$ cat start_30.cif   # mmCIF, C-alpha atoms
data_target
loop_
_atom_site.label_atom_id
_atom_site.label_comp_id
_atom_site.auth_asym_id
_atom_site.auth_seq_id
_atom_site.Cartn_x
_atom_site.Cartn_y
_atom_site.Cartn_z
CA MET O 207 15.10 8.25 -1.20
CA GLU O 208 17.91 10.73 -0.66
CA ILE O 209 18.33 12.84 2.43
CA THR O 210 17.29 16.41 1.80
CA LEU O 211 17.11 19.37 4.13
CA GLU O 212 13.31 19.22 3.94
CA LEU O 213 13.35 15.64 5.13
CA ILE O 214 15.71 16.40 8.00
CA VAL O 215 13.49 19.27 9.14
CA PHE O 216 10.45 17.03 8.93
CA ILE O 217 12.10 14.26 10.95
CA VAL O 218 13.17 16.68 13.65
CA LEU O 219 9.66 18.13 13.82
CA ALA O 220 8.07 14.69 13.89
CA LEU O 221 10.29 13.45 16.71
CA PHE O 222 9.70 16.67 18.62
CA ILE O 223 5.93 16.38 18.27
CA GLY O 224 5.81 12.68 19.07
CA VAL O 225 7.99 12.83 22.17
CA SER O 226 6.28 15.97 23.49
CA ALA O 227 2.81 14.50 22.93
CA ILE O 228 3.68 11.29 24.78
CA LEU O 229 5.24 13.24 27.64
CA ALA O 230 2.21 15.52 27.82
CA VAL O 231 -0.10 12.61 28.63
CA THR O 232 2.28 10.62 30.82
CA THR O 233 3.91 13.21 33.04
CA LYS O 234 2.73 13.33 36.62
CA ARG O 235 2.70 17.07 37.16
CA ILE O 236 -0.02 18.92 35.31
CA LEU O 237 1.95 22.11 34.76
CA ARG O 238 4.54 20.10 32.88
CA ALA O 239 1.76 18.56 30.81
CA ALA O 240 0.69 22.07 29.79
CA THR O 241 4.28 22.92 28.86
CA TYR O 242 4.61 19.81 26.70
CA LEU O 243 1.29 20.70 25.06
CA LEU O 244 2.87 24.05 24.20
CA PHE O 245 5.77 22.20 22.56
CA VAL O 246 3.35 20.08 20.53
CA LEU O 247 1.58 23.22 19.34
CA PHE O 248 4.91 24.77 18.33
CA GLY O 249 5.76 21.64 16.37
CA THR O 250 2.40 21.75 14.62
CA ALA O 251 3.01 25.37 13.66
CA GLY O 252 6.35 24.23 12.26
CA ILE O 253 4.56 21.67 10.10
CA TYR O 254 2.23 24.38 8.80
CA PHE O 255 5.23 26.54 7.96
CA GLN O 256 6.85 23.61 6.19
CA LEU O 257 3.72 23.10 4.10
CA ASN O 258 3.95 26.76 3.02
CA TYR O 259 0.88 27.85 4.96
CA SER O 260 2.59 30.65 6.87
CA PHE O 261 -0.68 32.39 7.72
CA LEU O 262 -2.02 29.27 9.35
CA GLY O 263 1.22 28.78 11.27
CA ALA O 264 1.02 32.34 12.53
CA VAL O 265 -2.60 31.82 13.58
CA GLN O 266 -1.62 28.62 15.36
CA LEU O 267 1.17 30.38 17.23
CA LEU O 268 -1.02 33.33 18.14
CA ILE O 269 -4.21 31.59 19.21
CA TYR O 270 -3.03 28.21 20.45
CA ALA O 271 0.46 28.86 21.74
CA GLY O 272 -0.22 32.42 22.79
CA GLY O 273 -3.79 32.35 24.03
CA ILE O 274 -4.90 28.88 25.00
CA THR O 275 -1.70 27.89 26.77
CA VAL O 276 -1.81 31.01 28.92
CA LEU O 277 -5.41 30.13 29.78
CA TYR O 278 -4.32 26.62 30.76
CA VAL O 279 -1.46 27.84 32.91
CA PHE O 280 -3.69 30.30 34.74
CA SER O 281 -6.38 27.72 35.43
CA ILE O 282 -3.81 25.14 36.54
CA LEU O 283 -2.31 27.61 38.97
CA LEU O 284 -5.81 28.45 40.23
CA THR O 285 -7.03 24.90 40.71
CA SER O 286 -4.06 22.83 41.84
CA SER O 287 -2.06 23.16 44.99
CA GLU O 288 1.70 22.94 45.18
CA GLY O 289 3.17 19.47 44.85
CA ASP O 290 0.05 18.00 43.31
CA LYS O 291 0.84 14.81 41.47
CA ALA O 292 -1.33 12.50 39.47
CA PRO O 293 -1.68 9.15 41.27
CA ASP O 294 -0.05 6.11 39.72
CA LEU O 295 -2.26 4.21 37.36
CA LYS O 296 -3.54 0.85 38.46
CA GLY O 297 -2.24 -2.01 36.36
CA TYR O 298 -5.63 -2.94 34.94
CA LYS O 299 -6.48 0.58 33.81
CA LEU O 300 -3.04 1.12 32.32
CA VAL O 301 -3.19 -2.13 30.38
CA MET O 302 -6.70 -1.49 29.09
CA GLY O 303 -5.88 2.07 28.04
CA LEU O 304 -2.70 1.03 26.29
CA LEU O 305 -4.44 -1.89 24.61
CA ALA O 306 -7.31 0.25 23.30
CA THR O 307 -4.88 2.91 22.09
CA LEU O 308 -2.53 0.52 20.35
CA VAL O 309 -5.34 -1.43 18.69
CA GLY O 310 -6.92 1.80 17.46
CA LEU O 311 -3.58 3.11 16.26
CA GLY O 312 -2.85 -0.12 14.43
CA VAL O 313 -6.22 -0.21 12.70
CA CYS O 314 -6.04 3.45 11.67
CA LEU O 315 -2.48 3.21 10.37
CA TRP O 316 -3.31 0.02 8.50
CA VAL O 317 -6.32 1.62 6.81
CA THR O 318 -4.49 4.88 6.05
CA LEU O 319 -1.36 3.33 4.64
CA GLY O 320 -3.29 0.72 2.70
CA HIS O 321 -5.52 3.27 1.02
CA ASP O 322 -4.71 4.31 -2.51
CA PHE O 323 -4.83 8.10 -2.46
CA ALA O 324 -5.23 10.25 -5.52
CA PRO O 325 -1.85 11.19 -7.01
CA GLU O 326 -0.29 13.82 -4.82
CA HIS O 327 1.32 16.92 -6.25
CA PHE O 328 3.01 19.34 -3.97
CA GLU O 329 3.23 22.89 -5.27
CA HIS O 330 5.93 25.02 -3.82
CA GLY O 331 5.21 28.65 -3.20
CA GLU O 332 3.44 30.64 -0.57
CA LEU O 333 -0.32 31.01 -0.41
CA ALA O 334 -0.93 34.72 -0.86
CA VAL O 335 -2.67 36.49 2.01
CA ARG O 336 -4.68 38.41 -0.60
CA THR O 337 -6.20 35.12 -1.78
CA ILE O 338 -7.09 34.16 1.78
CA GLY O 339 -8.68 37.52 2.44
CA HIS O 340 -10.74 37.47 -0.73
CA ALA O 341 -11.96 33.93 -0.07
CA LEU O 342 -12.79 34.79 3.53
CA MET O 343 -14.86 37.81 2.60
CA SER O 344 -16.63 36.72 -0.57
CA SER O 345 -20.08 35.21 -0.75
CA ASP O 346 -19.48 33.31 -3.98
CA LYS O 347 -19.36 29.57 -4.33
CA PHE O 348 -16.02 29.22 -2.58
CA GLY O 349 -16.47 32.16 -0.23
CA TYR O 350 -16.47 31.88 3.52
CA VAL O 351 -18.31 34.97 4.69
CA LEU O 352 -21.12 32.97 6.32
CA PRO O 353 -18.87 30.85 8.60
CA PHE O 354 -16.90 34.01 9.32
CA GLU O 355 -20.03 35.70 10.62
CA VAL O 356 -21.25 32.61 12.45
CA ILE O 357 -17.95 32.21 14.27
CA SER O 358 -18.19 35.79 15.43
CA LEU O 359 -21.58 34.95 16.96
CA LEU O 360 -20.05 31.85 18.53
CA LEU O 361 -17.26 33.86 20.11
CA LEU O 362 -19.77 36.36 21.46
CA ALA O 363 -21.83 33.52 22.94
CA CYS O 364 -18.64 32.11 24.47
CA ILE O 365 -17.73 35.40 26.09
CA VAL O 366 -21.21 35.73 27.61
CA GLY O 367 -21.27 32.06 28.62
CA GLY O 368 -17.83 32.21 30.21
CA ILE O 369 -18.81 35.22 32.28
CA MET O 370 -22.12 33.65 33.27
CA ILE O 371 -20.57 30.34 34.30
CA ALA O 372 -17.50 31.60 36.10
CA ARG O 373 -18.85 34.65 37.91
CA LYS O 374 -19.23 34.73 41.65
CA ARG O 375 -22.76 34.39 42.94
CA MET B 32 10.02 15.38 -1.36
CA ILE B 33 8.14 14.19 1.68
CA HIS B 34 5.22 11.91 1.06
CA MET B 35 1.80 12.70 2.40
CA GLU B 36 1.68 9.48 4.40
CA TYR B 37 4.44 10.63 6.75
CA TYR B 38 2.35 13.57 7.88
CA LEU B 39 -0.65 11.29 8.29
CA ILE B 40 1.38 8.91 10.46
CA ILE B 41 2.43 11.77 12.74
CA SER B 42 -1.11 13.03 13.10
CA THR B 43 -2.46 9.53 13.75
CA ILE B 44 0.10 8.98 16.51
CA MET B 45 -0.80 12.34 18.01
CA MET B 46 -4.50 11.51 17.91
CA PHE B 47 -4.12 8.19 19.70
CA VAL B 48 -1.75 9.64 22.28
CA GLY B 49 -4.54 12.12 22.97
CA ILE B 50 -7.09 9.33 23.25
CA TYR B 51 -4.82 7.45 25.64
CA GLY B 52 -4.53 10.54 27.80
CA PHE B 53 -8.29 11.05 27.69
CA VAL B 54 -9.09 7.57 28.95
CA THR B 55 -6.34 7.34 31.56
CA ARG B 56 -6.10 10.82 33.06
CA ARG B 57 -8.24 11.57 36.10
CA ASN B 58 -7.83 15.34 36.23
CA LEU B 59 -10.26 17.48 34.26
CA LEU B 60 -7.57 19.86 33.00
CA ALA B 61 -5.35 16.98 31.92
CA MET B 62 -8.29 15.50 30.00
CA LEU B 63 -8.81 18.86 28.31
CA ILE B 64 -5.14 18.90 27.30
CA SER B 65 -5.65 15.49 25.68
CA VAL B 66 -8.65 16.84 23.79
CA GLU B 67 -6.43 19.63 22.47
CA LEU B 68 -4.03 17.01 21.14
CA ILE B 69 -6.86 15.25 19.30
CA LEU B 70 -8.14 18.51 17.78
CA ASN B 71 -4.65 19.46 16.70
CA SER B 72 -4.07 16.17 14.92
CA VAL B 73 -7.28 16.59 12.95
CA ASP B 74 -6.15 20.09 11.94
CA ILE B 75 -2.91 18.65 10.57
CA ASN B 76 -4.90 16.13 8.54
CA PHE B 77 -7.09 18.81 6.96
CA VAL B 78 -4.09 20.91 5.99
CA VAL B 79 -2.13 18.00 4.59
CA PHE B 80 -5.01 16.75 2.44
CA ASN B 81 -5.58 20.26 1.17
CA ARG B 82 -1.92 20.75 0.33
CA PHE B 83 -1.19 17.46 -1.35
CA LEU B 84 -4.43 16.39 -2.97
CA PHE B 85 -6.21 19.66 -3.81
CA PRO B 86 -3.52 22.34 -4.05
CA GLY B 87 -5.68 24.76 -6.00
CA GLN B 88 -8.45 24.96 -3.43
CA LEU B 89 -8.73 26.30 0.08
CA GLU B 90 -11.30 24.10 1.85
CA GLY B 91 -8.93 22.35 4.23
CA PHE B 92 -7.17 25.58 5.00
CA PHE B 93 -10.37 27.30 6.05
CA PHE B 94 -11.60 24.28 7.97
CA THR B 95 -8.41 24.42 10.00
CA LEU B 96 -8.67 28.16 10.47
CA PHE B 97 -12.21 27.89 11.82
CA ALA B 98 -11.39 24.79 13.85
CA ILE B 99 -8.64 26.69 15.64
CA GLY B 100 -11.09 29.47 16.48
CA ILE B 101 -13.78 27.07 17.65
CA SER B 102 -11.35 25.09 19.80
CA ALA B 103 -10.24 28.33 21.46
CA ALA B 104 -13.86 29.08 22.30
CA GLU B 105 -14.43 25.52 23.54
CA THR B 106 -11.38 25.71 25.79
CA ALA B 107 -12.52 28.99 27.29
CA VAL B 108 -15.97 27.65 28.16
CA ALA B 109 -14.58 24.35 29.47
CA ILE B 110 -12.11 26.14 31.72
CA ALA B 111 -14.91 28.37 33.02
CA ILE B 112 -16.89 25.25 33.91
CA ILE B 113 -13.86 23.63 35.54
CA ILE B 114 -13.17 26.70 37.66
CA ASN B 115 -16.81 26.72 38.72
CA ILE B 116 -16.53 23.05 39.71
CA TYR B 117 -13.38 23.83 41.68
CA ARG B 118 -15.21 26.58 43.49
CA ASN B 119 -17.99 24.17 44.49
CA ILE B 120 -16.12 21.02 45.48
CA ARG B 121 -12.51 22.26 45.89
CA ASN B 122 -11.23 19.59 43.57
CA ILE B 123 -11.17 18.79 39.88
CA GLU B 124 -10.66 15.04 39.99
CA VAL B 125 -13.35 13.23 38.02
CA ARG B 126 -14.05 10.68 40.72
CA ASN B 127 -15.34 13.45 42.98
CA LEU B 128 -17.78 14.67 40.38
CA ARG B 129 -20.83 12.57 41.24
CA LYS B 130 -22.94 15.65 41.85
CA MET B 131 -23.17 16.57 38.20
CA LYS B 132 -24.73 13.27 37.26
CA TRP B 133 -28.23 14.08 38.46
#
$ encode --input "start_30.cif" --output "structure tokens"
Amino acid sequence: MEITLELIVFIVLALFIGVSAILAVTTKRILRAATYLLFVLFGTAGIYFQLNYSFLGAVQLLIYAGGITVLYVFSILLTSSEGDKAPDLKGYKLVMGLLATLVGLGVCLWVTLGHDFAPEHFEHGELAVRTIGHALMSSDKFGYVLPFEVISLLLLACIVGGIMIARKR
Amino acid sequence: MIHMEYYLIISTIMMFVGIYGFVTRRNLLAMLISVELILNSVDINFVVFNRFLFPGQLEGFFFTLFAIGISAAETAVAIAIIINIYRNIRNIEVRNLRKMKW
């Protein structure tokens, strides 16, 4: 398999995502964990861009990297005092967590790589935003107007619920 | 051309890193960050299957789009709950959270 630019970009993205994800769950300071989560989300957006789903990458950057991370940073600053550090893990818990993770990872990778997928065919070319819009708003067989409406109800319920839960009594 | 399996390997690693964080972290916000990692890896899987196996259709794409929206809503509610917990017990470590059990 020859080295192409696509492959180099993918390897860089993969290393970036992997290292940032591991650092996000192992770092002691929680604000750094949130920052590494932001890096993982950027890397995921990069993968979406590489797969020619620019709209999805933009949504990922806007909602995840722009909205959720800000929410995390605010709540971390509200709830943790300066110099807060996660305590060191006890040996037993660390070993059990690592063991469960590695066993699960091994089983999943074994099943995934052993499975015979349908022949893959990658089509280059951007997915037109017009297509997305028509599919999102149509009520035909492959239309998504019902989930679109339901998610608006969900967001409304979330706004009301967030205010109800977090308000001062 | 990059094979589909490479993307699946990345998302599997991300998922189990998230699971490791979920079972070892003792801070509610850190656990929520791990949950975000898990959700994100599943999103990658949907998109990759859509792109490589069913390029003419849009199911995986829309699943990911709605999953991103739902996870934003979930995060907002979870953070509201966590801030409420902090207001009550001045702490968000899970070992101090006995009160919510009954």
$ resolve_selection --input "start_30.cif" --expression "the PyMOL selection byres ((chain B) within 6 of (chain O))" --output "JSON, numbers by chain"
{"B": [47, 51, 52, 83, 84, 108, 111, 115]}
$ write_last_selection --input "start_30.cif" --atoms "C-alpha atoms" --output "short mmCIF file (atom, residue, chain, number, x, y, z; two decimals), keeping the file's coordinate frame"
data_model
loop_
_atom_site.label_atom_id
_atom_site.label_comp_id
_atom_site.auth_asym_id
_atom_site.auth_seq_id
_atom_site.Cartn_x
_atom_site.Cartn_y
_atom_site.Cartn_z
CA PHE B 47 -4.12 8.19 19.70
CA TYR B 51 -4.82 7.45 25.64
CA GLY B 52 -4.53 10.54 27.80
CA PHE B 83 -1.19 17.46 -1.35
CA LEU B 84 -4.43 16.39 -2.97
CA VAL B 108 -15.97 27.65 28.16
CA ALA B 111 -14.91 28.37 33.02
CA ASN B 115 -16.81 26.72 38.72
#
$ resolve_selection --input "start_30.cif" --expression "the PyMOL selection byres ((chain B and resi 73-82) around 7)" --output "PyMOL selection string"
(chain O and resi 328) or (chain B and resi 35+39+42+69-72+83-86+89-92+95)
$ atom_distance --input "start_30.cif" --atom1 "CA of Leu68 in chain B" --atom2 "CA of Ile50 in chain B"
8.5 Å
$ atom_distance --input "start_30.cif" --atom1 "CA of Val279 in chain O" --atom2 "CA of Val48 in chain B"
21.1 Å
$ residues_around --input "start_30.cif" --residues "range 119-133 of chain B" --least-positions-apart "2" --cutoff "8 Å" --atoms "only C-alpha atoms" --output "PyMOL selection string"
(chain O and resi 285) or (chain B and resi 57-60+113+115-117)
$ atom_distance --input "start_30.cif" --atom1 "CA of Tyr298 in chain O" --atom2 "CA of Thr55 in chain B"
10.8 Å
$ axis_aligned_box --input "start_30.cif" --around "range 312-323 of chain O" --padding-each-side "6 Å" --output "lines of an AutoDock Vina configuration file"
center_x = -3.8
center_y = 3.9
center_z = 6.0
size_x = 17.0
size_y = 20.3
size_z = 28.9
$ decode --input "start_30.cif" --residues "range 234-283 of chain O" --atoms "N, CA and C atoms" --output "PDB file, in the first residue's frame"
ATOM      1  N   LYS O 234      -4.666  14.451  35.622  1.00  0.00           N
ATOM      2  CA  LYS O 234      -5.157  14.642  36.989  1.00  0.00           C
ATOM      3  C   LYS O 234      -6.066  15.857  37.105  1.00  0.00           C
ATOM      4  N   ARG O 235      -5.772  16.893  36.355  1.00  0.00           N
ATOM      5  CA  ARG O 235      -6.551  18.117  36.487  1.00  0.00           C
ATOM      6  C   ARG O 235      -7.727  18.086  35.512  1.00  0.00           C
ATOM      7  N   ILE O 236      -8.904  18.448  36.019  1.00  0.00           N
ATOM      8  CA  ILE O 236     -10.105  18.243  35.215  1.00  0.00           C
ATOM      9  C   ILE O 236     -10.219  19.270  34.091  1.00  0.00           C
ATOM     10  N   LEU O 237      -9.657  20.448  34.294  1.00  0.00           N
ATOM     11  CA  LEU O 237      -9.720  21.443  33.223  1.00  0.00           C
ATOM     12  C   LEU O 237      -8.895  20.989  32.025  1.00  0.00           C
ATOM     13  N   ARG O 238      -7.781  20.320  32.310  1.00  0.00           N
ATOM     14  CA  ARG O 238      -6.994  19.765  31.203  1.00  0.00           C
ATOM     15  C   ARG O 238      -7.758  18.651  30.511  1.00  0.00           C
ATOM     16  N   ALA O 239      -8.502  17.864  31.275  1.00  0.00           N
ATOM     17  CA  ALA O 239      -9.307  16.806  30.653  1.00  0.00           C
ATOM     18  C   ALA O 239     -10.297  17.417  29.672  1.00  0.00           C
ATOM     19  N   ALA O 240     -10.920  18.539  30.056  1.00  0.00           N
ATOM     20  CA  ALA O 240     -11.868  19.190  29.146  1.00  0.00           C
ATOM     21  C   ALA O 240     -11.153  19.692  27.892  1.00  0.00           C
ATOM     22  N   THR O 241      -9.926  20.201  28.062  1.00  0.00           N
ATOM     23  CA  THR O 241      -9.187  20.681  26.898  1.00  0.00           C
ATOM     24  C   THR O 241      -8.842  19.535  25.954  1.00  0.00           C
ATOM     25  N   TYR O 242      -8.420  18.400  26.527  1.00  0.00           N
ATOM     26  CA  TYR O 242      -8.115  17.259  25.659  1.00  0.00           C
ATOM     27  C   TYR O 242      -9.375  16.732  24.979  1.00  0.00           C
ATOM     28  N   LEU O 243     -10.511  16.808  25.678  1.00  0.00           N
ATOM     29  CA  LEU O 243     -11.774  16.430  25.023  1.00  0.00           C
ATOM     30  C   LEU O 243     -12.029  17.326  23.820  1.00  0.00           C
ATOM     31  N   LEU O 244     -11.718  18.619  23.968  1.00  0.00           N
ATOM     32  CA  LEU O 244     -11.873  19.542  22.837  1.00  0.00           C
ATOM     33  C   LEU O 244     -10.997  19.097  21.669  1.00  0.00           C
ATOM     34  N   PHE O 245      -9.771  18.646  21.966  1.00  0.00           N
ATOM     35  CA  PHE O 245      -8.890  18.183  20.893  1.00  0.00           C
ATOM     36  C   PHE O 245      -9.470  16.949  20.206  1.00  0.00           C
ATOM     37  N   VAL O 246     -10.032  16.042  21.003  1.00  0.00           N
ATOM     38  CA  VAL O 246     -10.639  14.846  20.404  1.00  0.00           C
ATOM     39  C   VAL O 246     -11.783  15.239  19.473  1.00  0.00           C
ATOM     40  N   LEU O 247     -12.580  16.221  19.910  1.00  0.00           N
ATOM     41  CA  LEU O 247     -13.711  16.636  19.080  1.00  0.00           C
ATOM     42  C   LEU O 247     -13.223  17.286  17.790  1.00  0.00           C
ATOM     43  N   PHE O 248     -12.134  18.060  17.873  1.00  0.00           N
ATOM     44  CA  PHE O 248     -11.556  18.633  16.657  1.00  0.00           C
ATOM     45  C   PHE O 248     -11.092  17.523  15.712  1.00  0.00           C
ATOM     46  N   GLY O 249     -10.437  16.512  16.267  1.00  0.00           N
ATOM     47  CA  GLY O 249      -9.972  15.410  15.429  1.00  0.00           C
ATOM     48  C   GLY O 249     -11.123  14.681  14.765  1.00  0.00           C
ATOM     49  N   THR O 250     -12.218  14.503  15.511  1.00  0.00           N
ATOM     50  CA  THR O 250     -13.387  13.844  14.927  1.00  0.00           C
ATOM     51  C   THR O 250     -13.962  14.679  13.786  1.00  0.00           C
ATOM     52  N   ALA O 251     -13.997  15.998  13.978  1.00  0.00           N
ATOM     53  CA  ALA O 251     -14.465  16.862  12.894  1.00  0.00           C
ATOM     54  C   ALA O 251     -13.554  16.718  11.681  1.00  0.00           C
ATOM     55  N   GLY O 252     -12.253  16.575  11.932  1.00  0.00           N
ATOM     56  CA  GLY O 252     -11.323  16.354  10.830  1.00  0.00           C
ATOM     57  C   GLY O 252     -11.626  15.081  10.071  1.00  0.00           C
ATOM     58  N   ILE O 253     -12.002  14.026  10.813  1.00  0.00           N
ATOM     59  CA  ILE O 253     -12.372  12.767  10.136  1.00  0.00           C
ATOM     60  C   ILE O 253     -13.624  12.960   9.293  1.00  0.00           C
ATOM     61  N   TYR O 254     -14.598  13.707   9.811  1.00  0.00           N
ATOM     62  CA  TYR O 254     -15.793  13.966   9.009  1.00  0.00           C
ATOM     63  C   TYR O 254     -15.442  14.732   7.738  1.00  0.00           C
ATOM     64  N   PHE O 255     -14.547  15.717   7.877  1.00  0.00           N
ATOM     65  CA  PHE O 255     -14.137  16.464   6.685  1.00  0.00           C
ATOM     66  C   PHE O 255     -13.441  15.541   5.700  1.00  0.00           C
ATOM     67  N   GLN O 256     -12.629  14.628   6.223  1.00  0.00           N
ATOM     68  CA  GLN O 256     -11.909  13.730   5.326  1.00  0.00           C
ATOM     69  C   GLN O 256     -12.855  12.786   4.596  1.00  0.00           C
ATOM     70  N   LEU O 257     -13.963  12.441   5.241  1.00  0.00           N
ATOM     71  CA  LEU O 257     -14.942  11.568   4.600  1.00  0.00           C
ATOM     72  C   LEU O 257     -15.896  12.347   3.703  1.00  0.00           C
ATOM     73  N   ASN O 258     -15.605  13.605   3.447  1.00  0.00           N
ATOM     74  CA  ASN O 258     -16.405  14.458   2.570  1.00  0.00           C
ATOM     75  C   ASN O 258     -17.786  14.780   3.128  1.00  0.00           C
ATOM     76  N   TYR O 259     -17.927  14.750   4.449  1.00  0.00           N
ATOM     77  CA  TYR O 259     -19.174  15.202   5.055  1.00  0.00           C
ATOM     78  C   TYR O 259     -18.906  16.548   5.724  1.00  0.00           C
ATOM     79  N   SER O 260     -18.748  17.591   4.905  1.00  0.00           N
ATOM     80  CA  SER O 260     -18.357  18.884   5.474  1.00  0.00           C
ATOM     81  C   SER O 260     -19.423  19.448   6.390  1.00  0.00           C
ATOM     82  N   PHE O 261     -20.702  19.197   6.029  1.00  0.00           N
ATOM     83  CA  PHE O 261     -21.784  19.737   6.856  1.00  0.00           C
ATOM     84  C   PHE O 261     -21.725  19.156   8.258  1.00  0.00           C
ATOM     85  N   LEU O 262     -21.486  17.843   8.308  1.00  0.00           N
ATOM     86  CA  LEU O 262     -21.410  17.186   9.610  1.00  0.00           C
ATOM     87  C   LEU O 262     -20.211  17.687  10.411  1.00  0.00           C
ATOM     88  N   GLY O 263     -19.084  17.897   9.716  1.00  0.00           N
ATOM     89  CA  GLY O 263     -17.915  18.443  10.404  1.00  0.00           C
ATOM     90  C   GLY O 263     -18.194  19.821  10.961  1.00  0.00           C
ATOM     91  N   ALA O 264     -18.909  20.636  10.184  1.00  0.00           N
ATOM     92  CA  ALA O 264     -19.235  21.978  10.667  1.00  0.00           C
ATOM     93  C   ALA O 264     -20.161  21.898  11.867  1.00  0.00           C
ATOM     94  N   VAL O 265     -21.148  20.973  11.812  1.00  0.00           N
ATOM     95  CA  VAL O 265     -22.054  20.813  12.953  1.00  0.00           C
ATOM     96  C   VAL O 265     -21.283  20.361  14.179  1.00  0.00           C
ATOM     97  N   GLN O 266     -20.365  19.429  13.969  1.00  0.00           N
ATOM     98  CA  GLN O 266     -19.543  18.943  15.091  1.00  0.00           C
ATOM     99  C   GLN O 266     -18.753  20.084  15.716  1.00  0.00           C
ATOM    100  N   LEU O 267     -18.130  20.905  14.864  1.00  0.00           N
ATOM    101  CA  LEU O 267     -17.347  22.026  15.396  1.00  0.00           C
ATOM    102  C   LEU O 267     -18.241  23.014  16.131  1.00  0.00           C
ATOM    103  N   LEU O 268     -19.417  23.286  15.550  1.00  0.00           N
ATOM    104  CA  LEU O 268     -20.286  24.294  16.160  1.00  0.00           C
ATOM    105  C   LEU O 268     -20.861  23.809  17.484  1.00  0.00           C
ATOM    106  N   ILE O 269     -21.484  22.621  17.462  1.00  0.00           N
ATOM    107  CA  ILE O 269     -22.228  22.192  18.641  1.00  0.00           C
ATOM    108  C   ILE O 269     -21.300  21.610  19.696  1.00  0.00           C
ATOM    109  N   TYR O 270     -20.451  20.661  19.294  1.00  0.00           N
ATOM    110  CA  TYR O 270     -19.573  20.032  20.280  1.00  0.00           C
ATOM    111  C   TYR O 270     -18.480  20.989  20.720  1.00  0.00           C
ATOM    112  N   ALA O 271     -17.620  21.364  19.750  1.00  0.00           N
ATOM    113  CA  ALA O 271     -16.439  22.134  20.128  1.00  0.00           C
ATOM    114  C   ALA O 271     -16.826  23.529  20.586  1.00  0.00           C
ATOM    115  N   GLY O 272     -17.878  24.091  19.976  1.00  0.00           N
ATOM    116  CA  GLY O 272     -18.236  25.442  20.351  1.00  0.00           C
ATOM    117  C   GLY O 272     -19.127  25.501  21.562  1.00  0.00           C
ATOM    118  N   GLY O 273     -20.143  24.650  21.614  1.00  0.00           N
ATOM    119  CA  GLY O 273     -21.137  24.767  22.672  1.00  0.00           C
ATOM    120  C   GLY O 273     -20.841  23.933  23.889  1.00  0.00           C
ATOM    121  N   ILE O 274     -20.652  22.629  23.690  1.00  0.00           N
ATOM    122  CA  ILE O 274     -20.562  21.727  24.835  1.00  0.00           C
ATOM    123  C   ILE O 274     -19.296  21.983  25.629  1.00  0.00           C
ATOM    124  N   THR O 275     -18.183  22.270  24.923  1.00  0.00           N
ATOM    125  CA  THR O 275     -16.932  22.477  25.650  1.00  0.00           C
ATOM    126  C   THR O 275     -17.007  23.727  26.519  1.00  0.00           C
ATOM    127  N   VAL O 276     -17.658  24.769  25.991  1.00  0.00           N
ATOM    128  CA  VAL O 276     -17.816  25.979  26.806  1.00  0.00           C
ATOM    129  C   VAL O 276     -18.636  25.671  28.060  1.00  0.00           C
ATOM    130  N   LEU O 277     -19.676  24.844  27.866  1.00  0.00           N
ATOM    131  CA  LEU O 277     -20.505  24.437  29.003  1.00  0.00           C
ATOM    132  C   LEU O 277     -19.673  23.693  30.042  1.00  0.00           C
ATOM    133  N   TYR O 278     -18.816  22.784  29.555  1.00  0.00           N
ATOM    134  CA  TYR O 278     -17.941  22.038  30.468  1.00  0.00           C
ATOM    135  C   TYR O 278     -17.024  22.973  31.223  1.00  0.00           C
ATOM    136  N   VAL O 279     -16.384  23.897  30.491  1.00  0.00           N
ATOM    137  CA  VAL O 279     -15.411  24.771  31.149  1.00  0.00           C
ATOM    138  C   VAL O 279     -16.094  25.623  32.207  1.00  0.00           C
ATOM    139  N   PHE O 280     -17.276  26.123  31.888  1.00  0.00           N
ATOM    140  CA  PHE O 280     -18.000  26.926  32.883  1.00  0.00           C
ATOM    141  C   PHE O 280     -18.322  26.099  34.110  1.00  0.00           C
ATOM    142  N   SER O 281     -18.833  24.890  33.909  1.00  0.00           N
ATOM    143  CA  SER O 281     -19.240  24.109  35.079  1.00  0.00           C
ATOM    144  C   SER O 281     -18.031  23.642  35.864  1.00  0.00           C
ATOM    145  N   ILE O 282     -16.904  23.389  35.185  1.00  0.00           N
ATOM    146  CA  ILE O 282     -15.696  23.022  35.933  1.00  0.00           C
ATOM    147  C   ILE O 282     -15.237  24.190  36.789  1.00  0.00           C
ATOM    148  N   LEU O 283     -15.250  25.381  36.196  1.00  0.00           N
ATOM    149  CA  LEU O 283     -14.820  26.538  36.977  1.00  0.00           C
ATOM    150  C   LEU O 283     -15.771  26.802  38.132  1.00  0.00           C
TER     151      LEU O 283
END
